[in-house]
Every structure is written in structure tokens, then in C-alpha cells.
Amino acid sequence: MGNIRNNILTFIGNFVMAYFIFGEGAIERPLMFAMWMFMLMMGMDWYKSRGNHTLN
């Protein structure tokens, strides 16, 4: 549950910062930026945990 909370907080932070960087009034670009960063974070988490999991 903590990992999900951290990912959501990071997604919101990425969206807010991208909203100010890309200019206020346009929501599509910040949303796309935040989604791509979210997918990158999830991919990195998956790649790191892929080698650590064992059934023993």
C-alpha cells in the first residue's frame, strides 16, 4: 500500500510541475508527461523487483 501511495504522490507532483512548465490552461501536455513518467517509474520498479523474487 505504501508503494501505491508513493506512486500516486509522485504522479500528482509530476503533473503539477508539468502544468507550470508547459503553461497554464493546457492540461493535455502535463497529463501526458505525468503518464509517461508514471509508466517509466512502474517499469523501473518491475525491472528491479524481477530479479529479487523467489518462491523459496
# chains A, B, ... in the order shown; residues from 1 in each chain; ligands from 1
>>> select_by_dssp(residues="chain A", states="alpha helix (DSSP H)", output="PDB file with N, CA, C and O atoms, in the first residue's frame")
ATOM      1  N   GLY A   2       1.975   1.212   0.677  1.00  0.00           N
ATOM      2  CA  GLY A   2       2.857   2.367   0.710  1.00  0.00           C
ATOM      3  C   GLY A   2       3.451   2.682  -0.639  1.00  0.00           C
ATOM      4  O   GLY A   2       3.659   3.854  -0.978  1.00  0.00           O
ATOM      5  N   ASN A   3       3.727   1.647  -1.423  1.00  0.00           N
ATOM      6  CA  ASN A   3       4.282   1.857  -2.750  1.00  0.00           C
ATOM      7  C   ASN A   3       3.264   2.544  -3.655  1.00  0.00           C
ATOM      8  O   ASN A   3       3.623   3.431  -4.433  1.00  0.00           O
ATOM      9  N   ILE A   4       1.995   2.157  -3.543  1.00  0.00           N
ATOM     10  CA  ILE A   4       0.950   2.789  -4.341  1.00  0.00           C
ATOM     11  C   ILE A   4       0.805   4.256  -3.948  1.00  0.00           C
ATOM     12  O   ILE A   4       0.678   5.135  -4.805  1.00  0.00           O
ATOM     13  N   ARG A   5       0.833   4.530  -2.641  1.00  0.00           N
ATOM     14  CA  ARG A   5       0.719   5.912  -2.174  1.00  0.00           C
ATOM     15  C   ARG A   5       1.880   6.761  -2.686  1.00  0.00           C
ATOM     16  O   ARG A   5       1.670   7.894  -3.142  1.00  0.00           O
ATOM     17  N   ASN A   6       3.094   6.221  -2.647  1.00  0.00           N
ATOM     18  CA  ASN A   6       4.247   6.968  -3.150  1.00  0.00           C
ATOM     19  C   ASN A   6       4.131   7.224  -4.644  1.00  0.00           C
ATOM     20  O   ASN A   6       4.467   8.316  -5.113  1.00  0.00           O
ATOM     21  N   ASN A   7       3.652   6.242  -5.403  1.00  0.00           N
ATOM     22  CA  ASN A   7       3.493   6.435  -6.843  1.00  0.00           C
ATOM     23  C   ASN A   7       2.436   7.483  -7.152  1.00  0.00           C
ATOM     24  O   ASN A   7       2.609   8.294  -8.066  1.00  0.00           O
ATOM     25  N   ILE A   8       1.341   7.488  -6.401  1.00  0.00           N
ATOM     26  CA  ILE A   8       0.282   8.478  -6.639  1.00  0.00           C
ATOM     27  C   ILE A   8       0.772   9.875  -6.295  1.00  0.00           C
ATOM     28  O   ILE A   8       0.527  10.831  -7.048  1.00  0.00           O
ATOM     29  N   LEU A   9       1.492  10.006  -5.179  1.00  0.00           N
ATOM     30  CA  LEU A   9       2.025  11.324  -4.818  1.00  0.00           C
ATOM     31  C   LEU A   9       3.032  11.819  -5.854  1.00  0.00           C
ATOM     32  O   LEU A   9       3.038  13.004  -6.200  1.00  0.00           O
ATOM     33  N   THR A  10       3.857  10.935  -6.363  1.00  0.00           N
ATOM     34  CA  THR A  10       4.821  11.320  -7.385  1.00  0.00           C
ATOM     35  C   THR A  10       4.111  11.698  -8.679  1.00  0.00           C
ATOM     36  O   THR A  10       4.502  12.653  -9.354  1.00  0.00           O
ATOM     37  N   PHE A  11       3.052  10.957  -9.040  1.00  0.00           N
ATOM     38  CA  PHE A  11       2.278  11.291 -10.235  1.00  0.00           C
ATOM     39  C   PHE A  11       1.659  12.684 -10.110  1.00  0.00           C
ATOM     40  O   PHE A  11       1.728  13.487 -11.043  1.00  0.00           O
ATOM     41  N   ILE A  12       1.086  12.983  -8.951  1.00  0.00           N
ATOM     42  CA  ILE A  12       0.475  14.303  -8.739  1.00  0.00           C
ATOM     43  C   ILE A  12       1.540  15.394  -8.799  1.00  0.00           C
ATOM     44  O   ILE A  12       1.328  16.453  -9.400  1.00  0.00           O
ATOM     45  N   GLY A  13       2.692  15.137  -8.194  1.00  0.00           N
ATOM     46  CA  GLY A  13       3.784  16.113  -8.246  1.00  0.00           C
ATOM     47  C   GLY A  13       4.288  16.345  -9.651  1.00  0.00           C
ATOM     48  O   GLY A  13       4.535  17.492 -10.053  1.00  0.00           O
ATOM     49  N   ASN A  14       4.436  15.276 -10.430  1.00  0.00           N
ATOM     50  CA  ASN A  14       4.854  15.432 -11.830  1.00  0.00           C
ATOM     51  C   ASN A  14       3.830  16.231 -12.618  1.00  0.00           C
ATOM     52  O   ASN A  14       4.188  17.070 -13.449  1.00  0.00           O
ATOM     53  N   PHE A  15       2.553  15.969 -12.391  1.00  0.00           N
ATOM     54  CA  PHE A  15       1.500  16.684 -13.107  1.00  0.00           C
ATOM     55  C   PHE A  15       1.510  18.170 -12.768  1.00  0.00           C
ATOM     56  O   PHE A  15       1.427  19.019 -13.657  1.00  0.00           O
ATOM     57  N   VAL A  16       1.637  18.485 -11.485  1.00  0.00           N
ATOM     58  CA  VAL A  16       1.620  19.895 -11.065  1.00  0.00           C
ATOM     59  C   VAL A  16       2.821  20.642 -11.632  1.00  0.00           C
ATOM     60  O   VAL A  16       2.682  21.757 -12.170  1.00  0.00           O
ATOM     61  N   MET A  17       4.003  20.044 -11.553  1.00  0.00           N
ATOM     62  CA  MET A  17       5.190  20.723 -12.081  1.00  0.00           C
ATOM     63  C   MET A  17       5.116  20.864 -13.599  1.00  0.00           C
ATOM     64  O   MET A  17       5.478  21.906 -14.142  1.00  0.00           O
ATOM     65  N   ALA A  18       4.625  19.839 -14.290  1.00  0.00           N
ATOM     66  CA  ALA A  18       4.492  19.941 -15.747  1.00  0.00           C
ATOM     67  C   ALA A  18       3.442  20.967 -16.123  1.00  0.00           C
ATOM     68  O   ALA A  18       3.551  21.627 -17.161  1.00  0.00           O
ATOM     69  N   TYR A  19       2.416  21.139 -15.296  1.00  0.00           N
ATOM     70  CA  TYR A  19       1.384  22.143 -15.570  1.00  0.00           C
ATOM     71  C   TYR A  19       1.983  23.540 -15.557  1.00  0.00           C
ATOM     72  O   TYR A  19       1.644  24.374 -16.389  1.00  0.00           O
ATOM     73  N   PHE A  20       2.899  23.784 -14.617  1.00  0.00           N
ATOM     74  CA  PHE A  20       3.539  25.097 -14.563  1.00  0.00           C
ATOM     75  C   PHE A  20       4.601  25.254 -15.642  1.00  0.00           C
ATOM     76  O   PHE A  20       4.811  26.347 -16.155  1.00  0.00           O
ATOM     77  N   ILE A  21       5.283  24.174 -16.013  1.00  0.00           N
ATOM     78  CA  ILE A  21       6.331  24.259 -17.033  1.00  0.00           C
ATOM     79  C   ILE A  21       5.727  24.476 -18.417  1.00  0.00           C
ATOM     80  O   ILE A  21       6.189  25.324 -19.186  1.00  0.00           O
ATOM     81  N   PHE A  22       4.681  23.709 -18.768  1.00  0.00           N
ATOM     82  CA  PHE A  22       4.103  23.792 -20.106  1.00  0.00           C
ATOM     83  C   PHE A  22       3.125  24.942 -20.262  1.00  0.00           C
ATOM     84  O   PHE A  22       2.649  25.197 -21.356  1.00  0.00           O
ATOM     85  N   GLU A  28      -3.532  18.832 -21.497  1.00  0.00           N
ATOM     86  CA  GLU A  28      -3.174  17.602 -22.208  1.00  0.00           C
ATOM     87  C   GLU A  28      -1.685  17.283 -22.089  1.00  0.00           C
ATOM     88  O   GLU A  28      -1.309  16.143 -21.815  1.00  0.00           O
ATOM     89  N   ARG A  29      -0.843  18.258 -22.305  1.00  0.00           N
ATOM     90  CA  ARG A  29       0.600  18.007 -22.248  1.00  0.00           C
ATOM     91  C   ARG A  29       1.086  17.626 -20.849  1.00  0.00           C
ATOM     92  O   ARG A  29       1.843  16.663 -20.721  1.00  0.00           O
ATOM     93  N   PRO A  30       0.681  18.340 -19.806  1.00  0.00           N
ATOM     94  CA  PRO A  30       1.102  17.909 -18.467  1.00  0.00           C
ATOM     95  C   PRO A  30       0.585  16.522 -18.103  1.00  0.00           C
ATOM     96  O   PRO A  30       1.286  15.744 -17.465  1.00  0.00           O
ATOM     97  N   LEU A  31      -0.635  16.203 -18.529  1.00  0.00           N
ATOM     98  CA  LEU A  31      -1.186  14.887 -18.228  1.00  0.00           C
ATOM     99  C   LEU A  31      -0.407  13.795 -18.957  1.00  0.00           C
ATOM    100  O   LEU A  31      -0.090  12.748 -18.374  1.00  0.00           O
ATOM    101  N   MET A  32      -0.063  14.036 -20.215  1.00  0.00           N
ATOM    102  CA  MET A  32       0.728  13.055 -20.966  1.00  0.00           C
ATOM    103  C   MET A  32       2.122  12.900 -20.352  1.00  0.00           C
ATOM    104  O   MET A  32       2.633  11.788 -20.240  1.00  0.00           O
ATOM    105  N   PHE A  33       2.742  14.009 -19.956  1.00  0.00           N
ATOM    106  CA  PHE A  33       4.057  13.948 -19.324  1.00  0.00           C
ATOM    107  C   PHE A  33       3.998  13.144 -18.035  1.00  0.00           C
ATOM    108  O   PHE A  33       4.842  12.273 -17.795  1.00  0.00           O
ATOM    109  N   ALA A  34       2.976  13.402 -17.209  1.00  0.00           N
ATOM    110  CA  ALA A  34       2.846  12.690 -15.942  1.00  0.00           C
ATOM    111  C   ALA A  34       2.575  11.203 -16.179  1.00  0.00           C
ATOM    112  O   ALA A  34       3.088  10.355 -15.449  1.00  0.00           O
ATOM    113  N   MET A  35       1.792  10.870 -17.209  1.00  0.00           N
ATOM    114  CA  MET A  35       1.520   9.461 -17.510  1.00  0.00           C
ATOM    115  C   MET A  35       2.785   8.744 -17.973  1.00  0.00           C
ATOM    116  O   MET A  35       3.047   7.613 -17.578  1.00  0.00           O
ATOM    117  N   TRP A  36       3.574   9.384 -18.838  1.00  0.00           N
ATOM    118  CA  TRP A  36       4.823   8.766 -19.295  1.00  0.00           C
ATOM    119  C   TRP A  36       5.796   8.570 -18.138  1.00  0.00           C
ATOM    120  O   TRP A  36       6.462   7.537 -18.044  1.00  0.00           O
ATOM    121  N   MET A  37       5.890   9.554 -17.247  1.00  0.00           N
ATOM    122  CA  MET A  37       6.767   9.406 -16.092  1.00  0.00           C
ATOM    123  C   MET A  37       6.265   8.306 -15.164  1.00  0.00           C
ATOM    124  O   MET A  37       7.059   7.550 -14.603  1.00  0.00           O
ATOM    125  N   PHE A  38       4.944   8.180 -15.012  1.00  0.00           N
ATOM    126  CA  PHE A  38       4.366   7.135 -14.183  1.00  0.00           C
ATOM    127  C   PHE A  38       4.677   5.751 -14.767  1.00  0.00           C
ATOM    128  O   PHE A  38       5.061   4.838 -14.041  1.00  0.00           O
ATOM    129  N   MET A  39       4.547   5.622 -16.091  1.00  0.00           N
ATOM    130  CA  MET A  39       4.863   4.332 -16.722  1.00  0.00           C
ATOM    131  C   MET A  39       6.351   4.020 -16.604  1.00  0.00           C
ATOM    132  O   MET A  39       6.731   2.861 -16.407  1.00  0.00           O
ATOM    133  N   LEU A  40       7.202   5.029 -16.687  1.00  0.00           N
ATOM    134  CA  LEU A  40       8.640   4.824 -16.515  1.00  0.00           C
ATOM    135  C   LEU A  40       8.950   4.355 -15.094  1.00  0.00           C
ATOM    136  O   LEU A  40       9.723   3.416 -14.893  1.00  0.00           O
ATOM    137  N   MET A  41       8.311   4.974 -14.086  1.00  0.00           N
ATOM    138  CA  MET A  41       8.528   4.556 -12.695  1.00  0.00           C
ATOM    139  C   MET A  41       8.058   3.124 -12.474  1.00  0.00           C
ATOM    140  O   MET A  41       8.741   2.338 -11.817  1.00  0.00           O
ATOM    141  N   MET A  42       6.879   2.787 -13.000  1.00  0.00           N
ATOM    142  CA  MET A  42       6.357   1.435 -12.829  1.00  0.00           C
ATOM    143  C   MET A  42       7.251   0.417 -13.529  1.00  0.00           C
ATOM    144  O   MET A  42       7.492  -0.674 -13.000  1.00  0.00           O
ATOM    145  N   GLY A  43       7.754   0.761 -14.698  1.00  0.00           N
ATOM    146  CA  GLY A  43       8.665  -0.132 -15.412  1.00  0.00           C
ATOM    147  C   GLY A  43       9.963  -0.341 -14.654  1.00  0.00           C
ATOM    148  O   GLY A  43      10.485  -1.456 -14.596  1.00  0.00           O
ATOM    149  N   MET A  44      10.488   0.721 -14.064  1.00  0.00           N
ATOM    150  CA  MET A  44      11.721   0.582 -13.293  1.00  0.00           C
ATOM    151  C   MET A  44      11.492  -0.255 -12.043  1.00  0.00           C
ATOM    152  O   MET A  44      12.336  -1.075 -11.684  1.00  0.00           O
ATOM    153  N   ASP A  45      10.345  -0.068 -11.376  1.00  0.00           N
ATOM    154  CA  ASP A  45      10.022  -0.892 -10.206  1.00  0.00           C
ATOM    155  C   ASP A  45       9.888  -2.358 -10.591  1.00  0.00           C
ATOM    156  O   ASP A  45      10.360  -3.244  -9.883  1.00  0.00           O
ATOM    157  N   TRP A  46       9.232  -2.623 -11.709  1.00  0.00           N
ATOM    158  CA  TRP A  46       9.057  -4.002 -12.173  1.00  0.00           C
ATOM    159  C   TRP A  46      10.411  -4.631 -12.510  1.00  0.00           C
ATOM    160  O   TRP A  46      10.683  -5.761 -12.147  1.00  0.00           O
ATOM    161  N   TYR A  47      11.274  -3.861 -13.179  1.00  0.00           N
ATOM    162  CA  TYR A  47      12.579  -4.388 -13.581  1.00  0.00           C
ATOM    163  C   TYR A  47      13.447  -4.680 -12.362  1.00  0.00           C
ATOM    164  O   TYR A  47      14.159  -5.685 -12.328  1.00  0.00           O
ATOM    165  N   LYS A  48      13.392  -3.805 -11.337  1.00  0.00           N
ATOM    166  CA  LYS A  48      14.179  -4.037 -10.138  1.00  0.00           C
ATOM    167  C   LYS A  48      13.666  -5.236  -9.341  1.00  0.00           C
ATOM    168  O   LYS A  48      14.447  -5.995  -8.796  1.00  0.00           O
ATOM    169  N   SER A  49      12.355  -5.407  -9.268  1.00  0.00           N
ATOM    170  CA  SER A  49      11.801  -6.487  -8.474  1.00  0.00           C
ATOM    171  C   SER A  49      11.817  -7.821  -9.206  1.00  0.00           C
ATOM    172  O   SER A  49      11.602  -8.858  -8.592  1.00  0.00           O
ATOM    173  N   ARG A  50      12.077  -7.814 -10.490  1.00  0.00           N
ATOM    174  CA  ARG A  50      12.060  -9.035 -11.287  1.00  0.00           C
ATOM    175  C   ARG A  50      13.123 -10.023 -10.833  1.00  0.00           C
ATOM    176  O   ARG A  50      12.875 -11.223 -10.778  1.00  0.00           O
TER     177      ARG A  50
END
